[in-house]
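Reviewing the structure listed below.
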Amino acid sequence: MSVEAREARQPWILLSPALTAVGLLLFVPLMFIVVYSFWLRSAAGADQVGFFLDNWQEALSDAFYRDILLNTLKIAGITTIVCALMGYPSAYFIARSKGNKPVLLLLLMLPFWISYIIRTMSWINILGVSGALNSLLMTIGIINEPIQMLYNETTVILGLVHFLLPFMILNVFVSLDGIDTNLESAANSLGATKWQSFLQVTLPLSLPGLAAGGLLCFVLGAGTYITPMVLGGPRDAMFANLVYEAIITQLNWPLGSALSLMLLVVLGALVMLYNRYLGMAQLMKGLG
Amino acid sequence: MEGTGKLGWSLIRLWALLVYGFMFLPVAVVVLLSFNASQFGSFPMTGFSFRWFVELANNDAILRAFRTSVTLGLMTAVISTTLGVLASLALVRYKVPGTNMISTFLIAPILVPEVVLAVALLLFLNFLGINKSFTLLLFGHVIFTLPFVILVVQARLVAIKRDVEEAAMSLGASPVQTFFQITLPLMLPAVLAGGLFAFTISFDDITGTLFWKPGGVETVPTQIFAMLRNSISPEINALGTVMILLTVGLPLLGAAIARQLAQKSGP
Amino acid sequence: MKKMDNTTRYERLRERYRNGDLDRRSFLGLIGAAGLAYGVQTPFAKYAMAQDVQQVRFDGWGGVVSEAFREHAFDPYTAETGIEVVDGTFSGGDEYLAQVRASQPGEFNIAHLSGVFDYARYHNFDLTTALNLDNIPNVELVIARLMEPYRAITPDALSAVPYDYGTTGLAYNRKYISDEEMREKGASILIDEAYKDKIGGWSDWRTRIWYGALQTGQDPNNIEDMEEVWDAIRQHRDLALKYWGSGAELMSLLAEEEIYVTEGWSGRIAALQEEGHDIGYYDPPNSFGWQECLFVIKGSPVEACEELLNFMLAPETSIAVAEGQNYPPALDGTKVDLGDKIPTLPAYDPSGTLESLTFADPEYWNGNEAEWSKTFGRVQRGY
């Protein structure tokens with residue numbers, strides 16, 4: 001066998017376990033969902049088999065779904081930006097600190113050891129009218145009456161940021177940690193200020209990590225339904241809540257299938273963009 | 001970090017401190033409330049008690065669920081990190097036609113709402129006539145932790161220069177040797193981070209687990225979720241406290257022992 | 001293909017007999033032949049069953065309920081029959097039905113479900129079995145009225161036995177709302193401007209519509225002006241701080257004074273009162289009564305399930321479960337001594353007739369489910 005042929009085959013050998021797993025356990029099952037999205041729910045009993053466009057027509061033309069989808073993207077976007085702003089400096093701190101990095105990282109994952117639902121509900125103990133914050137403010141005497149802080153869009157975003165921030169920090173850390181610090185020193189010795197060398201050397205090199213973290217935050221944020229259920233008011237809902245309601249509460253699997261494929265396509269397009277961008281980052285590095 | 005950077009560095013440190021504080025706020029509340037005498041978490045607290053720890057120690061169901069969760073999480077982490085590292089290597093180190101498509105494909109498990117993924121997989125297995133089992137649950141977890149591993153490992157690999165590997169190879173190292181002696185150590189932080197992700201996500205997952213678990217198998221989140229109807233008891237807070245003591249305590253203890261040993265063997 | 005055990009064989013014969021495919025004589029003849037084919041079966045019936053059926057799966061609410069079942073029903077049952085009981089937990093009936101729909105026959109056996117709604121829904125999805133109540137002697141102790149709605153859905157045979165009941169009435173913080181005010185305002189207190197942002201409610205569409213009907217003075221089982229009900233729901237939505245989704249949330253919202261008034265599940269409010277919180281509970285006229293059942297899903301080993309149901313219905317099991325979850329058992333207090341605690345539980349009916357409770361008419365509600373659950377999803381979000 002020629003060297004080229006072996007070279008060409010190698011990546012596929014490396015990829016095959018992951019591809020097989022995702023293909024078999026995700027894509028083949030997803031075909032069922034695609035098929036299902038063309039069926040019809042009957043008022044009671046089994047779904048009607050066939051090829052109907054009703055679900056798609058409803059999912060695509062109804063302003064209700066469009067509005068909630070846009071709102072979901074907005075919330076996920078805000079969450080991602082907040083995560084990036086909070087996360088990047090922290091990741092930089094961990095990567096450049098002389099302390100014990102593994103311990104710092106492990107500490108970051110600690111909140112996850114407490115189950116998601118408990119963690120989310122513990123915000124009620126912090127921000128509630130008889131929660132820690134109100135009780136503190138009243139003891140100090142800043143307020144006389146407890147403030148109502150819970151159950152609005154802000155608390156939903158807060159809950160999401162708390163859930164997603166570690167993903168951002170870990171991703172940024174991993175790429176920052178891979179950057180040779182000599183590059184910064186070199187830039188400094190060539191007369192660049194710290195800030196300049198950060199902007200021109202470190203930041204661009206850490207962009208893949210920032211992008212990966214941002215993508216994770218956005219996608220996970222857009223797909224969540226428990227946080228709005230626990231921390232949101234009656235109106236606060238995200239698109240995944242609609243999917244959940246269609247499939248679980250209303251037992252309307254055909255419509256639920258169409259809705260979830262819609263979300264999949266929107267998020268999938270985003271990942272395609274990301275991949276393109278990551279490709280560009282690689283290109284830039286190649287030139288630099 | 002000296003000279004002009006000093007102020008900047010202090011600011012960064014302060015910022016990081018605040019972020020850690022934010023991350024730990026719920027943890028602190030959970031730990032505090034696990035010692036609270038009353039069932040609900042109103043402040044100021046009413047009394048101090050070990051009652052919930054005693055009840056936790058007597059609660060077989062939660063302890064069993066805890067063991068299941070840890071086993072499942074560790075197995076998921078190992079499998080999914082292995083698959084993820086192999087795939088990332090292929091994607092970053094080789095020129096594969098259609099890299100973009102393949103990456104998107106591999107990240108897809110987190111793009112589909114989990115409810116849908118759960119129901120779809122069930123329908124498929126039902127179609128094949130396969131019964132639910134622990135193995136299936138494990139595979140389900142591997143599928144949706146894989147994207148995390150791939151994303152983090154890929155981002156790191158991109159930053160590792162090809163030159164180092166090429167230098168090793170030109171010095172006569174085989175590709176396998178190069179991988180284990182050069183590439184793997186360089187990407188170790190990412191591999192560990194990926195594994196940590198996988199374990200954590202698996203440990204914390206509700207929706208998928210709820211649908212895929214076979215009879216008689218409960219993980220901590222599914223156990224808690226079912227308990228929600230009849231009000232969760234602060235035993236769960238006690239379990240969280242124990243978990244945190246373990247994860248913070250063990251590494252610190254390990255480090256302390258290592259230091260002791262180093263001192264003894266020193267000059 | 002699963003091996004056909006004698007229970008399935010018998011079931012099929014019986015089904016053909018019911019459908020009129022077999023006359024009585026050949027039915028009995030075939031039963032006899034089946035018996036012969038299994039050798040002299042009767043003395044070894046238990047043994048044979050243990051061989052065919054190795055385990056039965058039960059799904060329920062976990063926690064105290066499952067502990068009580070394990071101690072009083074599952075372990076004695078296993079000791080007697082050799083059949084293991086595997087128990088699973090679910091977090092809600094809707095999500096459980098989704099799992100059952102996507103499963104193979106026989107995978108799920110017995111479930112602790114919402115009585116009438118789920119019973120009818122499972123029937124619509126063709127998931128009912130036919131229980132032989134003669135094999136469940138403890139059914140004699142059950143309040144007769146609780147079985148009527150099931151008989152209306154499956155007149156030939158039941159697929160479930162009633163297990164417990166309760167109400168979704170009004171829960172209020174007595175520090176802020178007096179008993180008199182509560183009685184005077186009734187269900188309309190949930191749309192009272194005075195308590196804006198101190199009102200809660202269950203996110204369940206049925207409950208929202210039921211209370212919408214009460215607030216607009218309509219019969220929940222025969223709503224005439226649906227638009228008016230939706231308006232009441234919108235009004236409640238705008239005044240409410242939070243829709244809760246679980247008993248844990250309901251209890252902590254009330255206990256931490258995040259809200260002063262909401263509808264609530266009787267058993268959870270009783271648990272709060274037990275904890276010493278000053279929370280009142282009031283069932284307005286036509287308050288939402290409900291019951292739960294132990295449902296046997298199609299494809300299960302029926303005889304084994306019947307025997308297990310008998311263990312679960314036994315007074316000591318029923319009482320232990322009821323004391324754990326604070327919902328009265330389905331057992332008739334005039335036939336069984338229910339102990340000290342149960343008669344004090346809210347919604348408990350000592351007369352054994354349950355005439356004071358209003359239950360939902362499953363046919364009416366399930367008939368409107370598709371439309372109402374969907375519309376509620378929109379109304380909830382401000383449409």
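Labeling convention for the structure tokens: chains A, B, ... as they appear, residues from 1 per chain, ligands from 1 in order of appearance.
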
| request: Using only C-alpha atoms, determine which residues of chain A fall within 10 Å of chain C; present them as a ChimeraX atom specification. | output: /A:41-47,64-65,68,121,124-125,128-131,148,150-152,229-237,241-242,244-253

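Contact shell of A:Gly268 at 9 Å (only C-alpha atoms; same-chain neighbours under 6 positions omitted): Thr104, Phe105, Ile107, Ala108 and Leu111 of chain B.
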
Could the residues in this selection be saved with N, CA, C and O atoms as a PDB file, in the first residue's frame?
ATOM      1  N   THR B 104     -19.811  19.162  12.230  1.00  0.00           N
ATOM      2  CA  THR B 104     -21.202  19.470  12.574  1.00  0.00           C
ATOM      3  C   THR B 104     -21.943  18.200  12.968  1.00  0.00           C
ATOM      4  O   THR B 104     -22.686  18.172  13.940  1.00  0.00           O
ATOM      5  N   PHE B 105     -21.700  17.156  12.203  1.00  0.00           N
ATOM      6  CA  PHE B 105     -22.324  15.868  12.459  1.00  0.00           C
ATOM      7  C   PHE B 105     -22.001  15.386  13.874  1.00  0.00           C
ATOM      8  O   PHE B 105     -22.877  14.952  14.623  1.00  0.00           O
ATOM      9  N   ILE B 107     -21.105  17.161  16.409  1.00  0.00           N
ATOM     10  CA  ILE B 107     -21.592  18.051  17.464  1.00  0.00           C
ATOM     11  C   ILE B 107     -23.117  17.977  17.577  1.00  0.00           C
ATOM     12  O   ILE B 107     -23.705  18.402  18.564  1.00  0.00           O
ATOM     13  N   ALA B 108     -23.725  17.373  16.569  1.00  0.00           N
ATOM     14  CA  ALA B 108     -25.186  17.317  16.510  1.00  0.00           C
ATOM     15  C   ALA B 108     -25.904  16.852  17.788  1.00  0.00           C
ATOM     16  O   ALA B 108     -26.976  17.352  18.087  1.00  0.00           O
ATOM     17  N   LEU B 111     -27.265  19.575  19.623  1.00  0.00           N
ATOM     18  CA  LEU B 111     -28.110  20.525  18.900  1.00  0.00           C
ATOM     19  C   LEU B 111     -29.568  20.104  18.954  1.00  0.00           C
ATOM     20  O   LEU B 111     -30.470  20.898  18.761  1.00  0.00           O
TER      21      LEU B 111
END

| message | Let's see if you can do this: from backbone DSSP, list all helix (DSSP H, G or I) residues in stretch 153-238 of chain C, as a ChimeraX atom specification. | response | /C:153,179-191,193-195,205-215,226-238

| request: Write out as JSON, numbers by chain which residues come within 12 Å of A:Gly77 when counting only C-alpha atoms, dropping same-chain ones fewer than 2 positions away. | output: {"A": [70, 71, 72, 73, 74, 75, 79, 80, 81, 82, 83, 84, 157, 160, 161, 214, 215, 216, 217, 218, 219, 220, 221, 222, 270]}

| message | Should the cut-off be 7 Å, what would the residue list for chain B against chain A look like, counting only C-alpha atoms, as number ranges by chain? | response | B: 5, 12-13, 15-16, 19, 23-24, 26-27, 29-30, 41-44, 83-84, 86-87, 90, 94, 100, 104, 106, 109-113, 115-116, 120-121, 124, 143, 151-152, 155-156, 159-160, 189-190, 200, 204, 221, 240, 243-244

Please report, as a tab-separated table, each residue of chain B lying at most 9 Å from chain C, together with the nearest pair of atoms and the separation in Å rounded to one decimal; use only C-alpha atoms, and order rows by chain and ascending residue number.
residue	atom	partner	partner_atom	distance
B:Ser38	CA	C:Glu275	CA	8.5
B:Gln39	CA	C:Glu275	CA	8.1
B:Phe40	CA	C:Ser252	CA	6.4
B:Gly41	CA	C:Glu256	CA	7.5
B:Ser42	CA	C:Glu256	CA	5.9
B:Ala61	CA	C:Gly63	CA	8.2
B:Val119	CA	C:Ala102	CA	7.3
B:Ala120	CA	C:Ala102	CA	8.9
B:Leu122	CA	C:Ala102	CA	5.9
B:Leu123	CA	C:Ala102	CA	5.3
B:Phe124	CA	C:Ala102	CA	8.8
B:Leu125	CA	C:Ser103	CA	8.5
B:Asn126	CA	C:Ser103	CA	5.8
B:Phe127	CA	C:Gln104	CA	8.9
B:Gly129	CA	C:Gln104	CA	7.3
B:Ile130	CA	C:Gln104	CA	8.7
B:Asn131	CA	C:Gln104	CA	7.9
B:Lys132	CA	C:Glu107	CA	8.8
B:Leu210	CA	C:Phe90	CA	7.4
B:Phe211	CA	C:Gln99	CA	6.4
B:Trp212	CA	C:Gln99	CA	8.9
B:Lys213	CA	C:Gly88	CA	8.9
B:Pro214	CA	C:Gly88	CA	8.2
B:Gly215	CA	C:Gly88	CA	5.4
B:Gly216	CA	C:Asp87	CA	5.2
B:Val217	CA	C:Gly88	CA	7.1
B:Glu218	CA	C:Gly88	CA	7.5
B:Thr222	CA	C:Thr89	CA	7.6
B:Gln223	CA	C:Thr89	CA	7.2
B:Ile224	CA	C:Gly63	CA	8.8
B:Phe225	CA	C:Ser91	CA	5.7
B:Ala226	CA	C:Ser91	CA	4.3
B:Met227	CA	C:Gly63	CA	5.6
B:Leu228	CA	C:Ala248	CA	5.0
B:Arg229	CA	C:Gly247	CA	4.3
B:Asn230	CA	C:Gly247	CA	5.5
B:Ser231	CA	C:Ala248	CA	3.6
B:Ile232	CA	C:Ala248	CA	5.8
B:Ser233	CA	C:Ala248	CA	8.8
